[in-house]
file input02.tsv (TSV, C-alpha atoms and all ligand atoms)
chain	number	residue	atom	x	y	z
A	1	MET	CA	-10.78	3.31	68.48
A	2	ILE	CA	-10.07	1.68	65.12
A	3	PRO	CA	-9.70	4.73	62.85
A	4	LEU	CA	-11.59	5.08	59.60
A	5	CYS	CA	-8.81	5.85	57.16
A	6	ILE	CA	-5.43	7.17	58.26
A	7	PRO	CA	-2.13	7.61	56.38
A	8	GLU	CA	0.52	4.92	56.27
A	9	ILE	CA	3.99	6.49	56.65
A	10	ARG	CA	6.69	3.87	56.31
A	11	GLY	CA	8.72	4.61	53.18
A	12	ASN	CA	11.22	7.27	52.22
A	13	GLU	CA	9.18	10.19	53.60
A	14	TRP	CA	11.77	11.15	56.27
A	15	LYS	CA	14.68	10.78	53.87
A	16	TYR	CA	13.10	12.96	51.17
A	17	LEU	CA	11.91	15.58	53.66
A	18	LYS	CA	15.42	15.77	55.08
A	19	ALA	CA	16.75	16.33	51.57
A	20	CYS	CA	14.37	19.31	51.23
A	21	LEU	CA	15.48	20.76	54.56
A	22	ASP	CA	19.18	20.13	53.90
A	23	THR	CA	19.03	21.85	50.51
A	24	GLY	CA	16.64	24.65	51.44
A	25	TRP	CA	14.05	23.64	48.82
A	26	VAL	CA	11.09	23.94	51.15
A	27	SER	CA	8.65	26.07	49.21
A	28	SER	CA	6.75	26.06	45.92
A	29	ALA	CA	9.73	25.21	43.71
A	30	GLY	CA	12.12	22.29	43.93
A	31	PRO	CA	13.06	18.97	42.45
A	32	PHE	CA	10.40	16.91	44.24
A	33	VAL	CA	7.55	18.96	42.74
A	34	ASP	CA	8.80	18.25	39.22
A	35	ARG	CA	9.50	14.63	40.07
A	36	PHE	CA	6.08	14.11	41.63
A	37	GLU	CA	4.44	15.57	38.51
A	38	ARG	CA	6.54	13.42	36.19
A	39	GLU	CA	6.00	10.22	38.15
A	40	MET	CA	2.26	10.76	38.59
A	41	ALA	CA	1.88	11.52	34.88
A	42	ALA	CA	3.69	8.26	34.07
A	43	TYR	CA	1.65	6.35	36.65
A	44	VAL	CA	-1.74	7.36	35.27
A	45	GLY	CA	-0.56	7.58	31.65
A	46	SER	CA	-1.20	11.28	31.07
A	47	PRO	CA	1.00	13.48	28.88
A	48	HIS	CA	0.79	16.44	31.30
A	49	SER	CA	0.32	16.92	35.04
A	50	ILE	CA	0.24	20.01	37.25
A	51	ALA	CA	0.67	19.73	41.03
A	52	THR	CA	-1.60	21.83	43.25
A	53	VAL	CA	-1.93	22.53	46.98
A	54	THR	CA	-5.13	20.50	47.26
A	55	GLY	CA	-7.44	18.45	45.07
A	56	THR	CA	-10.05	21.19	45.49
A	57	ALA	CA	-7.62	23.77	44.08
A	58	GLY	CA	-6.93	21.34	41.24
A	59	LEU	CA	-10.65	21.13	40.42
A	60	HIS	CA	-10.98	24.92	40.55
A	61	VAL	CA	-8.10	25.38	38.11
A	62	ALA	CA	-9.26	22.49	35.89
A	63	LEU	CA	-12.63	24.22	35.49
A	64	LYS	CA	-10.95	27.54	34.66
A	65	MET	CA	-8.67	25.70	32.27
A	66	ILE	CA	-11.57	24.33	30.21
A	67	GLY	CA	-12.94	27.86	29.89
A	68	LEU	CA	-15.83	27.77	32.38
A	69	GLN	CA	-17.34	31.26	32.69
A	70	PRO	CA	-19.49	32.88	35.40
A	71	ASP	CA	-23.20	32.01	35.07
A	72	GLU	CA	-22.59	28.91	32.99
A	73	GLU	CA	-23.66	25.51	34.32
A	74	VAL	CA	-21.82	22.32	35.20
A	75	ILE	CA	-23.55	18.96	35.70
A	76	VAL	CA	-22.34	17.29	38.90
A	77	PRO	CA	-23.37	14.10	40.71
A	78	ASP	CA	-25.47	14.54	43.84
A	79	LEU	CA	-23.40	11.90	45.64
A	80	THR	CA	-19.92	13.34	46.07
A	81	PHE	CA	-17.77	15.24	48.51
A	82	VAL	CA	-18.85	18.89	48.57
A	83	ALA	CA	-15.47	20.04	47.21
A	84	SER	CA	-16.44	18.88	43.68
A	85	VAL	CA	-19.37	21.31	43.70
A	86	ASN	CA	-17.65	24.12	45.60
A	87	ALA	CA	-15.10	24.28	42.78
A	88	VAL	CA	-17.96	25.11	40.38
A	89	ARG	CA	-19.10	27.95	42.65
A	90	TYR	CA	-15.53	29.29	42.97
A	91	CYS	CA	-15.89	30.02	39.22
A	92	GLN	CA	-19.27	31.75	39.86
A	93	ALA	CA	-20.84	29.02	37.74
A	94	HIS	CA	-23.89	26.97	38.75
A	95	PRO	CA	-24.20	23.26	39.51
A	96	VAL	CA	-27.00	21.10	38.13
A	97	PHE	CA	-27.34	17.99	40.29
A	98	MET	CA	-27.54	14.62	38.57
A	99	ASP	CA	-28.64	11.41	40.25
A	100	VAL	CA	-26.39	8.38	40.64
A	101	ASP	CA	-26.97	4.83	39.48
A	102	SER	CA	-28.46	2.58	42.17
A	103	GLN	CA	-26.05	-0.27	41.37
A	104	THR	CA	-22.72	1.51	40.86
A	105	TRP	CA	-23.41	4.60	43.07
A	106	GLN	CA	-21.78	6.70	40.33
A	107	MET	CA	-23.25	9.44	38.07
A	108	ASP	CA	-26.09	7.86	36.08
A	109	PRO	CA	-25.32	8.13	32.34
A	110	GLU	CA	-28.89	7.28	31.39
A	111	LYS	CA	-30.37	10.12	33.42
A	112	LEU	CA	-27.63	12.38	32.11
A	113	GLU	CA	-28.67	11.53	28.57
A	114	ARG	CA	-32.34	12.10	29.42
A	115	PHE	CA	-31.51	15.49	30.91
A	116	LEU	CA	-29.49	16.56	27.88
A	117	THR	CA	-32.12	15.31	25.45
A	118	THR	CA	-35.25	16.59	27.12
A	119	GLU	CA	-34.17	19.53	29.28
A	120	CYS	CA	-31.54	21.14	27.06
A	121	GLU	CA	-31.57	22.65	23.58
A	122	PRO	CA	-28.83	23.53	21.10
A	123	ARG	CA	-28.25	27.16	20.20
A	124	GLU	CA	-25.48	27.99	17.74
A	125	SER	CA	-23.90	24.61	18.47
A	126	GLN	CA	-23.85	25.27	22.23
A	127	CYS	CA	-25.96	23.48	24.83
A	128	PHE	CA	-28.51	25.52	26.82
A	129	ASN	CA	-30.63	24.51	29.79
A	130	LYS	CA	-34.25	25.26	28.84
A	131	LEU	CA	-35.27	25.86	32.47
A	132	SER	CA	-32.56	28.33	33.47
A	133	GLY	CA	-31.70	29.67	30.02
A	134	ARG	CA	-28.02	29.24	30.90
A	135	ARG	CA	-25.32	27.61	28.82
A	136	VAL	CA	-24.34	24.15	30.07
A	137	ARG	CA	-20.58	24.15	29.69
A	138	ALA	CA	-19.31	20.96	31.29
A	139	VAL	CA	-19.94	17.69	33.09
A	140	LEU	CA	-17.98	16.93	36.25
A	141	PRO	CA	-18.29	13.18	36.86
A	142	VAL	CA	-16.81	11.91	40.13
A	143	HIS	CA	-15.23	8.48	40.48
A	144	VAL	CA	-16.74	7.90	43.88
A	145	PHE	CA	-15.11	5.95	46.76
A	146	GLY	CA	-12.25	4.48	44.70
A	147	ASN	CA	-14.49	3.00	42.02
A	148	ALA	CA	-15.21	4.33	38.50
A	149	CYS	CA	-18.10	5.96	36.65
A	150	GLU	CA	-19.01	4.72	33.22
A	151	ILE	CA	-16.74	7.44	32.00
A	152	ASP	CA	-16.65	6.40	28.33
A	153	ARG	CA	-20.44	6.83	28.08
A	154	ILE	CA	-20.26	10.19	29.83
A	155	VAL	CA	-17.45	11.42	27.57
A	156	ASP	CA	-19.38	10.29	24.47
A	157	LEU	CA	-22.49	12.15	25.62
A	158	ALA	CA	-20.45	15.25	26.41
A	159	LYS	CA	-18.96	15.19	22.90
A	160	GLN	CA	-22.38	14.79	21.35
A	161	TYR	CA	-23.68	17.86	23.24
A	162	GLY	CA	-20.53	19.98	22.96
A	163	LEU	CA	-19.66	19.83	26.67
A	164	ARG	CA	-16.27	19.66	28.37
A	165	VAL	CA	-15.49	16.92	30.90
A	166	VAL	CA	-13.54	17.45	34.13
A	167	GLU	CA	-13.17	14.16	36.01
A	168	ASP	CA	-12.98	14.28	39.78
A	169	ALA	CA	-10.82	11.24	40.52
A	170	ALA	CA	-9.82	12.68	43.92
A	171	GLY	CA	-10.06	9.36	45.75
A	172	SER	CA	-9.41	7.09	42.83
A	173	ILE	CA	-5.70	6.57	42.44
A	174	GLY	CA	-5.18	3.04	41.09
A	175	VAL	CA	-8.66	2.79	39.53
A	176	ARG	CA	-8.67	1.63	35.93
A	177	TYR	CA	-11.72	1.59	33.71
A	178	LYS	CA	-11.40	-0.59	30.59
A	179	GLY	CA	-7.68	-0.74	31.32
A	180	ARG	CA	-7.14	3.01	31.47
A	181	HIS	CA	-6.55	5.07	34.61
A	182	VAL	CA	-9.49	7.27	35.58
A	183	GLY	CA	-8.82	11.00	35.36
A	184	THR	CA	-7.38	10.60	31.84
A	185	PHE	CA	-10.61	10.26	29.84
A	186	GLY	CA	-11.90	13.83	29.96
A	187	ASP	CA	-10.48	17.23	29.07
A	188	ALA	CA	-8.97	17.27	32.55
A	189	GLY	CA	-8.85	15.00	35.59
A	190	VAL	CA	-7.85	15.59	39.21
A	191	ILE	CA	-6.48	13.32	41.96
A	192	SER	CA	-6.19	14.34	45.63
A	193	PHE	CA	-3.39	13.53	48.09
A	194	ASN	CA	-5.24	14.60	51.20
A	195	GLY	CA	-4.34	12.71	54.39
A	196	ASN	CA	-7.24	10.26	54.08
A	197	LYS	CA	-6.41	9.20	50.50
A	198	THR	CA	-4.74	5.91	49.51
A	199	ILE	CA	-1.46	7.80	49.12
A	200	THR	CA	-0.98	11.22	50.66
A	201	ALA	CA	1.32	14.18	50.26
A	202	GLY	CA	0.06	15.58	53.57
A	203	GLY	CA	-2.23	17.58	51.29
A	204	GLY	CA	-2.10	18.16	47.56
A	205	GLY	CA	-3.67	17.53	44.20
A	206	MET	CA	-2.67	16.81	40.61
A	207	ILE	CA	-4.36	17.94	37.41
A	208	PHE	CA	-4.02	15.75	34.31
A	209	THR	CA	-4.61	16.76	30.72
A	210	SER	CA	-3.48	15.68	27.30
A	211	ASP	CA	-3.56	19.24	25.92
A	212	PRO	CA	-0.20	21.05	26.16
A	213	GLU	CA	-1.76	24.53	25.93
A	214	ARG	CA	-4.22	23.81	28.69
A	215	ALA	CA	-1.42	22.36	30.82
A	216	LYS	CA	0.59	25.54	30.33
A	217	TYR	CA	-2.40	27.67	31.26
A	218	ALA	CA	-3.08	25.61	34.40
A	219	ARG	CA	0.54	25.97	35.51
A	220	TYR	CA	0.31	29.73	34.92
A	221	LEU	CA	-2.92	30.00	36.94
A	222	THR	CA	-1.51	27.98	39.86
A	223	THR	CA	1.52	30.29	40.10
A	224	GLN	CA	-0.28	33.65	40.44
A	225	ALA	CA	-0.68	34.04	36.65
A	226	LYS	CA	2.83	35.48	36.46
A	227	ASN	CA	4.11	36.19	32.99
A	228	GLU	CA	7.54	34.89	32.05
A	229	GLY	CA	10.46	37.20	32.77
A	230	LEU	CA	11.99	38.85	35.80
A	231	GLU	CA	9.28	41.40	36.40
A	232	PHE	CA	6.04	40.47	38.16
A	233	PHE	CA	3.46	41.15	35.48
A	234	HIS	CA	0.01	39.57	35.50
A	235	MET	CA	-2.54	39.54	32.69
A	236	GLU	CA	-5.29	38.04	34.84
A	237	VAL	CA	-6.18	37.00	38.37
A	238	GLY	CA	-4.16	33.93	39.33
A	239	PHE	CA	-3.90	31.71	42.39
A	240	ASN	CA	-1.18	30.68	44.81
A	241	TYR	CA	-1.99	27.00	44.28
A	242	ARG	CA	1.42	25.42	43.57
A	243	LEU	CA	2.27	22.37	45.71
A	244	SER	CA	5.30	22.83	48.00
A	245	ASN	CA	8.46	20.77	47.61
A	246	LEU	CA	7.94	19.42	51.16
A	247	HIS	CA	4.53	18.03	50.31
A	248	ALA	CA	5.75	16.72	46.98
A	249	ALA	CA	8.62	14.92	48.78
A	250	ILE	CA	6.05	13.02	50.87
A	251	GLY	CA	4.00	12.34	47.73
A	252	VAL	CA	6.99	10.89	45.87
A	253	ALA	CA	7.80	8.60	48.81
A	254	GLN	CA	4.18	7.44	49.01
A	255	LEU	CA	3.94	6.83	45.28
A	256	GLU	CA	6.83	4.37	45.55
A	257	LEU	CA	4.53	2.16	47.66
A	258	VAL	CA	1.28	2.71	45.79
A	259	GLU	CA	0.93	-0.84	44.43
A	260	GLU	CA	1.45	-2.32	47.89
A	261	PHE	CA	-1.10	0.11	49.37
A	262	LEU	CA	-3.63	-0.71	46.64
A	263	GLU	CA	-3.21	-4.41	47.21
A	264	LYS	CA	-4.00	-3.85	50.89
A	265	LYS	CA	-7.08	-1.76	50.09
A	266	ARG	CA	-8.34	-4.46	47.75
A	267	SER	CA	-7.73	-7.22	50.27
A	268	ILE	CA	-9.64	-5.29	52.97
A	269	ALA	CA	-12.59	-4.86	50.58
A	270	LYS	CA	-12.48	-8.54	49.63
A	271	ARG	CA	-12.59	-9.60	53.28
A	272	TYR	CA	-15.51	-7.26	54.09
A	273	ASN	CA	-17.37	-8.45	51.01
A	274	GLU	CA	-16.93	-12.09	52.03
A	275	ALA	CA	-17.98	-11.36	55.61
A	276	PHE	CA	-21.13	-9.38	54.76
A	277	ARG	CA	-22.38	-10.83	51.48
A	278	ASP	CA	-24.84	-13.15	53.23
A	279	PHE	CA	-25.45	-11.09	56.31
A	280	ALA	CA	-28.61	-9.10	57.17
A	281	ASP	CA	-29.45	-8.24	53.54
A	282	ILE	CA	-26.40	-6.02	53.32
A	283	THR	CA	-25.33	-4.76	49.88
A	284	VAL	CA	-21.56	-4.91	49.72
A	285	MET	CA	-19.46	-2.39	47.87
A	286	PRO	CA	-19.85	-2.75	44.09
A	287	ALA	CA	-17.27	-2.40	41.35
A	288	THR	CA	-18.54	-0.84	38.12
A	289	PRO	CA	-18.37	-3.30	35.18
A	290	HIS	CA	-15.00	-3.19	33.35
A	291	THR	CA	-13.40	-1.58	36.41
A	292	GLU	CA	-10.37	-2.44	38.44
A	293	ALA	CA	-11.63	-0.73	41.61
A	294	ALA	CA	-9.24	0.49	44.30
A	295	TYR	CA	-11.67	0.74	47.25
A	296	TRP	CA	-10.22	3.95	48.67
A	297	GLN	CA	-13.18	3.92	51.09
A	298	TYR	CA	-15.01	0.73	51.99
A	299	MET	CA	-18.75	1.46	51.85
A	300	LEU	CA	-21.80	-0.80	52.15
A	301	LEU	CA	-25.57	-0.47	52.36
A	302	LEU	CA	-27.78	-1.68	55.18
A	303	ALA	CA	-30.87	-3.65	54.08
A	304	ALA	CA	-33.33	-1.91	51.75
A	305	GLY	CA	-35.94	-0.02	53.75
A	306	THR	CA	-33.55	0.75	56.62
A	307	THR	CA	-34.52	4.08	58.12
A	308	ILE	CA	-32.04	6.86	58.65
A	309	GLU	CA	-32.62	6.52	62.41
A	310	LYS	CA	-31.51	2.88	62.30
A	311	ARG	CA	-28.47	3.76	60.23
A	312	LYS	CA	-27.59	6.43	62.79
A	313	ALA	CA	-28.06	3.89	65.59
A	314	VAL	CA	-25.65	1.51	63.83
A	315	LEU	CA	-23.05	4.27	63.48
A	316	LYS	CA	-23.42	5.16	67.15
A	317	GLY	CA	-23.16	1.51	68.15
A	318	LEU	CA	-19.96	1.17	66.15
A	319	PHE	CA	-18.43	4.26	67.76
A	320	ASP	CA	-19.48	3.12	71.25
A	321	ASN	CA	-17.68	-0.16	70.55
A	322	GLY	CA	-14.44	1.37	69.30
A	323	VAL	CA	-15.00	1.29	65.51
A	324	ALA	CA	-14.90	4.58	63.60
A	325	ALA	CA	-17.49	4.62	60.81
A	326	ARG	CA	-19.14	7.22	58.57
A	327	PRO	CA	-22.36	7.72	56.66
A	328	PHE	CA	-22.26	8.41	52.91
A	329	TRP	CA	-21.90	12.04	51.90
A	330	HIS	CA	-25.04	14.04	52.50
A	331	PRO	CA	-26.86	14.54	49.14
A	332	ILE	CA	-25.35	17.83	48.05
A	333	HIS	CA	-28.55	19.26	46.54
A	334	SER	CA	-30.10	19.39	50.02
A	335	LEU	CA	-27.18	21.17	51.74
A	336	PRO	CA	-27.95	24.81	52.67
A	337	PRO	CA	-25.62	26.44	50.07
A	338	TYR	CA	-27.05	24.28	47.27
A	339	LYS	CA	-30.79	24.03	47.95
A	340	ALA	CA	-31.67	26.64	45.33
A	341	TYR	CA	-29.96	24.84	42.43
A	342	GLN	CA	-31.58	22.52	39.92
A	343	ALA	CA	-31.63	18.86	40.96
A	344	TYR	CA	-32.67	16.52	38.15
A	345	GLN	CA	-34.81	13.51	39.12
A	346	ILE	CA	-32.80	12.85	42.28
A	347	GLU	CA	-33.75	9.59	43.93
A	348	HIS	CA	-30.88	7.15	44.48
A	349	SER	CA	-28.36	9.50	46.12
A	350	VAL	CA	-30.92	10.05	48.88
A	351	ARG	CA	-31.70	6.31	49.31
A	352	LEU	CA	-27.98	5.49	49.39
A	353	TYR	CA	-27.36	8.19	51.97
A	354	GLU	CA	-30.08	6.72	54.20
A	355	ARG	CA	-28.58	3.22	54.12
A	356	GLY	CA	-24.86	3.72	53.54
A	357	ILE	CA	-22.01	3.19	55.98
A	358	GLY	CA	-18.23	3.38	55.55
A	359	LEU	CA	-15.99	1.11	57.64
A	360	PRO	CA	-12.32	1.28	58.67
A	361	CYS	CA	-10.05	0.75	55.68
A	362	SER	CA	-6.63	2.26	56.44
A	363	VAL	CA	-3.71	0.73	54.58
A	364	GLY	CA	-2.21	-0.10	57.99
A	365	LEU	CA	-5.36	-1.85	59.30
A	366	SER	CA	-4.19	-5.04	61.06
A	367	SER	CA	-6.02	-8.30	60.43
A	368	ASN	CA	-6.99	-8.34	64.12
A	369	ASP	CA	-8.62	-4.93	63.83
A	370	LEU	CA	-10.28	-5.91	60.56
A	371	GLU	CA	-11.82	-8.97	62.20
A	372	LYS	CA	-12.81	-6.85	65.21
A	373	ALA	CA	-14.52	-4.32	62.90
A	374	ILE	CA	-16.42	-7.16	61.16
A	375	ALA	CA	-17.52	-8.82	64.41
A	376	THR	CA	-18.52	-5.47	65.95
A	377	PHE	CA	-20.49	-4.48	62.87
A	378	LYS	CA	-22.40	-7.79	62.89
A	379	LYS	CA	-23.12	-7.50	66.61
A	380	VAL	CA	-24.30	-3.89	66.35
A	381	VAL	CA	-26.48	-4.46	63.25
A	382	THR	CA	-28.09	-7.51	64.85
A	383	ALA	CA	-28.79	-5.54	68.02
A	384	VAL	CA	-30.24	-2.54	66.16
A	385	LEU	CA	-32.46	-4.74	63.98
A	386	SER	CA	-33.73	-6.79	66.92
A	387	GLN	CA	-34.58	-3.60	68.84
A	388	SER	CA	-36.76	-2.47	65.99
A	389	CYS	CA	-38.49	-5.91	65.89
A	390	VAL	CA	-39.34	-5.61	69.57
A	391	GLY	CA	-40.20	-1.94	69.54
B	1	LIG	C1	-14.66	13.27	45.62
B	1	LIG	C2	-13.71	14.31	46.16
B	1	LIG	N1	-13.50	15.42	45.47
B	1	LIG	C3	-12.65	16.37	45.90
B	1	LIG	C4	-11.95	16.22	47.08
B	1	LIG	C5	-11.07	17.34	47.54
B	1	LIG	O1	-9.73	17.00	47.66
B	1	LIG	P1	-8.80	17.80	48.68
B	1	LIG	O2	-9.18	17.40	50.06
B	1	LIG	O3	-7.42	17.37	48.31
B	1	LIG	O4	-9.01	19.26	48.44
B	1	LIG	C6	-12.12	15.07	47.84
B	1	LIG	C7	-11.38	14.90	49.09
B	1	LIG	O5	-11.72	14.18	49.98
B	1	LIG	C8	-13.03	14.08	47.37
B	1	LIG	O6	-13.26	12.96	48.05
call {"tool": "encode", "arguments": {"input": "input02.tsv", "output": "structure tokens", "more": "lines below"}}
Ligand SMILES: Cc1ncc(COP(=O)(O)O)c(C=O)c1O
result
Amino acid sequence: MIPLCIPEIRGNEWKYLKACLDTGWVSSAGPFVDRFEREMAAYVGSPHSIATVTGTAGLHVALKMIGLQPDEEVIVPDLTFVASVNAVRYCQAHPVFMDVDSQTWQMDPEKLERFLTTECEPRESQCFNKLSGRRVRAVLPVHVFGNACEIDRIVDLAKQYGLRVVEDAAGSIGVRYKGRHVGTFGDAGVISFNGNKTITAGGGGMIFTSDPERAKYARYLTTQAKNEGLEFFHMEVGFNYRLSNLHAAIGVAQLELVEEFLEKKRSIAKRYNEAFRDFADITVMPATPHTEAAYWQYMLLLAAGTTIEKRKAVLKGLFDNGVAARPFWHPIHSLPPYKAYQAYQIEHSVRLYERGIGLPCSVGLSSNDLEKAIATFKKVVTAVLSQSCVG
């Protein structure tokens, strides 16, 4: 089986892990945690960074850090990994689902503007949702699949309506929008180092912010909200979310190779795009205008009008022929825990889900396996389409 997206371990991971074991720095303090934070901050161009156990934990803390309160609302895209939305619920706040743009597959700034203009009202310079009566506190745009949202438009709208912005850049290391790394435009941004990401720490996340007070607060929250001093004294409920030195050691080693890994991701996407651009009315993976995309995941769309059954048949055909593939994320508004929440004019996230497929894109994908994935995909799609013509 050609895997979908697996880690590439071939740098200084062993050496740095051995240094942790030899020195006894194996837990939530140690030189690699500080180094990983420093080097990631420099890499994305953020004044402050706070390492966390996972990207999800990073999003949870980022939302606390911007002051999100229970019963407030956060606008989230309907096309994302569920972790973006779960983080909102961890704060006992409520998601409002926003559609994505049909061309970029990212949160639609025009619909966002329409929602804020027509469905919300200002009260004492705060933004309230007319339907729910709740305060809308923040927008959580997600830079989906290693591409970027039109984050400058979203940040401008948020400013206009007095909202905070937490960017979920979990899968978007290496993505630059108008020359600036994503995750650094909003009040906070988060990158993930889960095993399927372009670089991994085995698991981990990083929060970015330009505000020193917020950075201090996030660090405090991730370390059990322990006050300074020898005695354990806590003014509020904190979390045990600090990344371990072992994980950070892997992250530092991976970061040393990030440009090489990104080059490989981009070359895989380029080859798929060339192979499928004129095949079976496929829509190849887009890059948002003004974006240097990183193609963490390689995704494409089957021809317009493809039914979900046909898309499932293509996925099955790929698996049966040794190629791991995935559908797009299920539209979050229709998942059981989220059915009761407001979904604003959702249309494209559902259409994309029906037609979308992700193909193998590991950094270590050999050119033989890449060509095999392309040939298999073409064979399977042709077979599935011809079946439907006959039947
Ligand atoms: C868009 C998005 N947000 C959040 C996460 C959560 O990151 P983690 O797995 O590090 O908790 C992921 C991870 O896949 C993701 O893709």
call {"tool": "residues_around", "arguments": {"input": "input02.tsv", "residues": "region 13-29 of chain A", "least_positions_apart": "5", "cutoff": "9 Å", "atoms": "all atoms listed in the file", "output": "ChimeraX atom specification"}}
result
/A:34,223,241-247,249-254
call {"tool": "closest_residue", "arguments": {"input": "input02.tsv", "among": "A:Tyr217, A:Tyr344, A:Tyr295, A:Phe193", "to": "ligand LIG 1 (chain B)", "atoms": "only C-alpha atoms and all ligand atoms"}}
result
A:Phe193
call {"tool": "atom_distance", "arguments": {"input": "input02.tsv", "atom1": "CA of Gly204 (chain A)", "atom2": "CA of Val53 (chain A)"}}
result
4.4 Å
call {"tool": "closest_atom_pairs", "arguments": {"input": "input02.tsv", "of": "region 253-358 of chain A", "to": "region 61-78 of chain A", "cutoff": "12 Å", "atoms": "only C-alpha atoms", "output": "CSV"}}
result
residue,atom,partner,partner_atom,distance
A:Phe328,CA,A:Asp78,CA,11.4
A:Trp329,CA,A:Asp78,CA,9.2
A:His330,CA,A:Asp78,CA,8.7
A:Pro331,CA,A:Asp78,CA,5.5
A:Ile332,CA,A:Asp78,CA,5.3
A:His333,CA,A:Asp78,CA,6.2
A:Ser334,CA,A:Asp78,CA,9.1
A:Leu335,CA,A:Asp78,CA,10.5
A:Tyr338,CA,A:Asp78,CA,10.4
A:Lys339,CA,A:Asp78,CA,11.6
A:Tyr341,CA,A:Glu73,CA,10.3
A:Gln342,CA,A:Ile75,CA,9.7
A:Ala343,CA,A:Asp78,CA,8.1
A:Tyr344,CA,A:Asp78,CA,9.4
A:Gln345,CA,A:Asp78,CA,10.5
A:Ile346,CA,A:Asp78,CA,7.7
A:Glu347,CA,A:Asp78,CA,9.6
A:His348,CA,A:Asp78,CA,9.2
A:Ser349,CA,A:Asp78,CA,6.2
A:Val350,CA,A:Asp78,CA,8.7
A:Arg351,CA,A:Asp78,CA,11.7
A:Leu352,CA,A:Asp78,CA,10.9
A:Tyr353,CA,A:Asp78,CA,10.5
call {"tool": "closest_residue", "arguments": {"input": "input02.tsv", "among": "A:Thr209, A:Ser125, A:Ser102, A:Asn240", "to": "His48 (chain A)", "atoms": "only C-alpha atoms"}}
result
A:Thr209
call {"tool": "build_atoms", "arguments": {"input": "input02.tsv", "residues": "region 341-353 of chain A", "atoms": "N, CA and C atoms", "output": "PDB file, keeping the file's coordinate frame"}}
result
ATOM      1  N   TYR A 341     -30.389  25.236  43.776  1.00  0.00           N
ATOM      2  CA  TYR A 341     -29.960  24.840  42.430  1.00  0.00           C
ATOM      3  C   TYR A 341     -30.804  23.695  41.887  1.00  0.00           C
ATOM      4  N   GLN A 342     -30.760  23.552  40.565  1.00  0.00           N
ATOM      5  CA  GLN A 342     -31.580  22.520  39.920  1.00  0.00           C
ATOM      6  C   GLN A 342     -31.062  21.114  40.269  1.00  0.00           C
ATOM      7  N   ALA A 343     -31.983  20.251  40.666  1.00  0.00           N
ATOM      8  CA  ALA A 343     -31.630  18.860  40.960  1.00  0.00           C
ATOM      9  C   ALA A 343     -32.517  18.001  40.061  1.00  0.00           C
ATOM     10  N   TYR A 344     -31.898  17.216  39.184  1.00  0.00           N
ATOM     11  CA  TYR A 344     -32.670  16.520  38.150  1.00  0.00           C
ATOM     12  C   TYR A 344     -33.023  15.087  38.595  1.00  0.00           C
ATOM     13  N   GLN A 345     -34.285  14.859  38.814  1.00  0.00           N
ATOM     14  CA  GLN A 345     -34.810  13.510  39.120  1.00  0.00           C
ATOM     15  C   GLN A 345     -33.959  12.767  40.144  1.00  0.00           C
ATOM     16  N   ILE A 346     -33.646  13.448  41.239  1.00  0.00           N
ATOM     17  CA  ILE A 346     -32.800  12.850  42.280  1.00  0.00           C
ATOM     18  C   ILE A 346     -33.610  11.816  43.074  1.00  0.00           C
ATOM     19  N   GLU A 347     -33.041  10.659  43.230  1.00  0.00           N
ATOM     20  CA  GLU A 347     -33.750   9.590  43.930  1.00  0.00           C
ATOM     21  C   GLU A 347     -32.725   8.715  44.670  1.00  0.00           C
ATOM     22  N   HIS A 348     -31.767   8.157  43.890  1.00  0.00           N
ATOM     23  CA  HIS A 348     -30.880   7.150  44.480  1.00  0.00           C
ATOM     24  C   HIS A 348     -29.845   7.736  45.447  1.00  0.00           C
ATOM     25  N   SER A 349     -29.370   8.940  45.196  1.00  0.00           N
ATOM     26  CA  SER A 349     -28.360   9.500  46.120  1.00  0.00           C
ATOM     27  C   SER A 349     -28.961   9.622  47.517  1.00  0.00           C
ATOM     28  N   VAL A 350     -30.257   9.901  47.583  1.00  0.00           N
ATOM     29  CA  VAL A 350     -30.920  10.050  48.880  1.00  0.00           C
ATOM     30  C   VAL A 350     -31.087   8.679  49.555  1.00  0.00           C
ATOM     31  N   ARG A 351     -31.536   7.674  48.744  1.00  0.00           N
ATOM     32  CA  ARG A 351     -31.700   6.310  49.310  1.00  0.00           C
ATOM     33  C   ARG A 351     -30.355   5.769  49.791  1.00  0.00           C
ATOM     34  N   LEU A 352     -29.303   6.009  49.011  1.00  0.00           N
ATOM     35  CA  LEU A 352     -27.980   5.490  49.390  1.00  0.00           C
ATOM     36  C   LEU A 352     -27.501   6.160  50.683  1.00  0.00           C
ATOM     37  N   TYR A 353     -27.764   7.448  50.765  1.00  0.00           N
ATOM     38  CA  TYR A 353     -27.360   8.190  51.970  1.00  0.00           C
ATOM     39  C   TYR A 353     -28.063   7.621  53.207  1.00  0.00           C
TER      40      TYR A 353
END
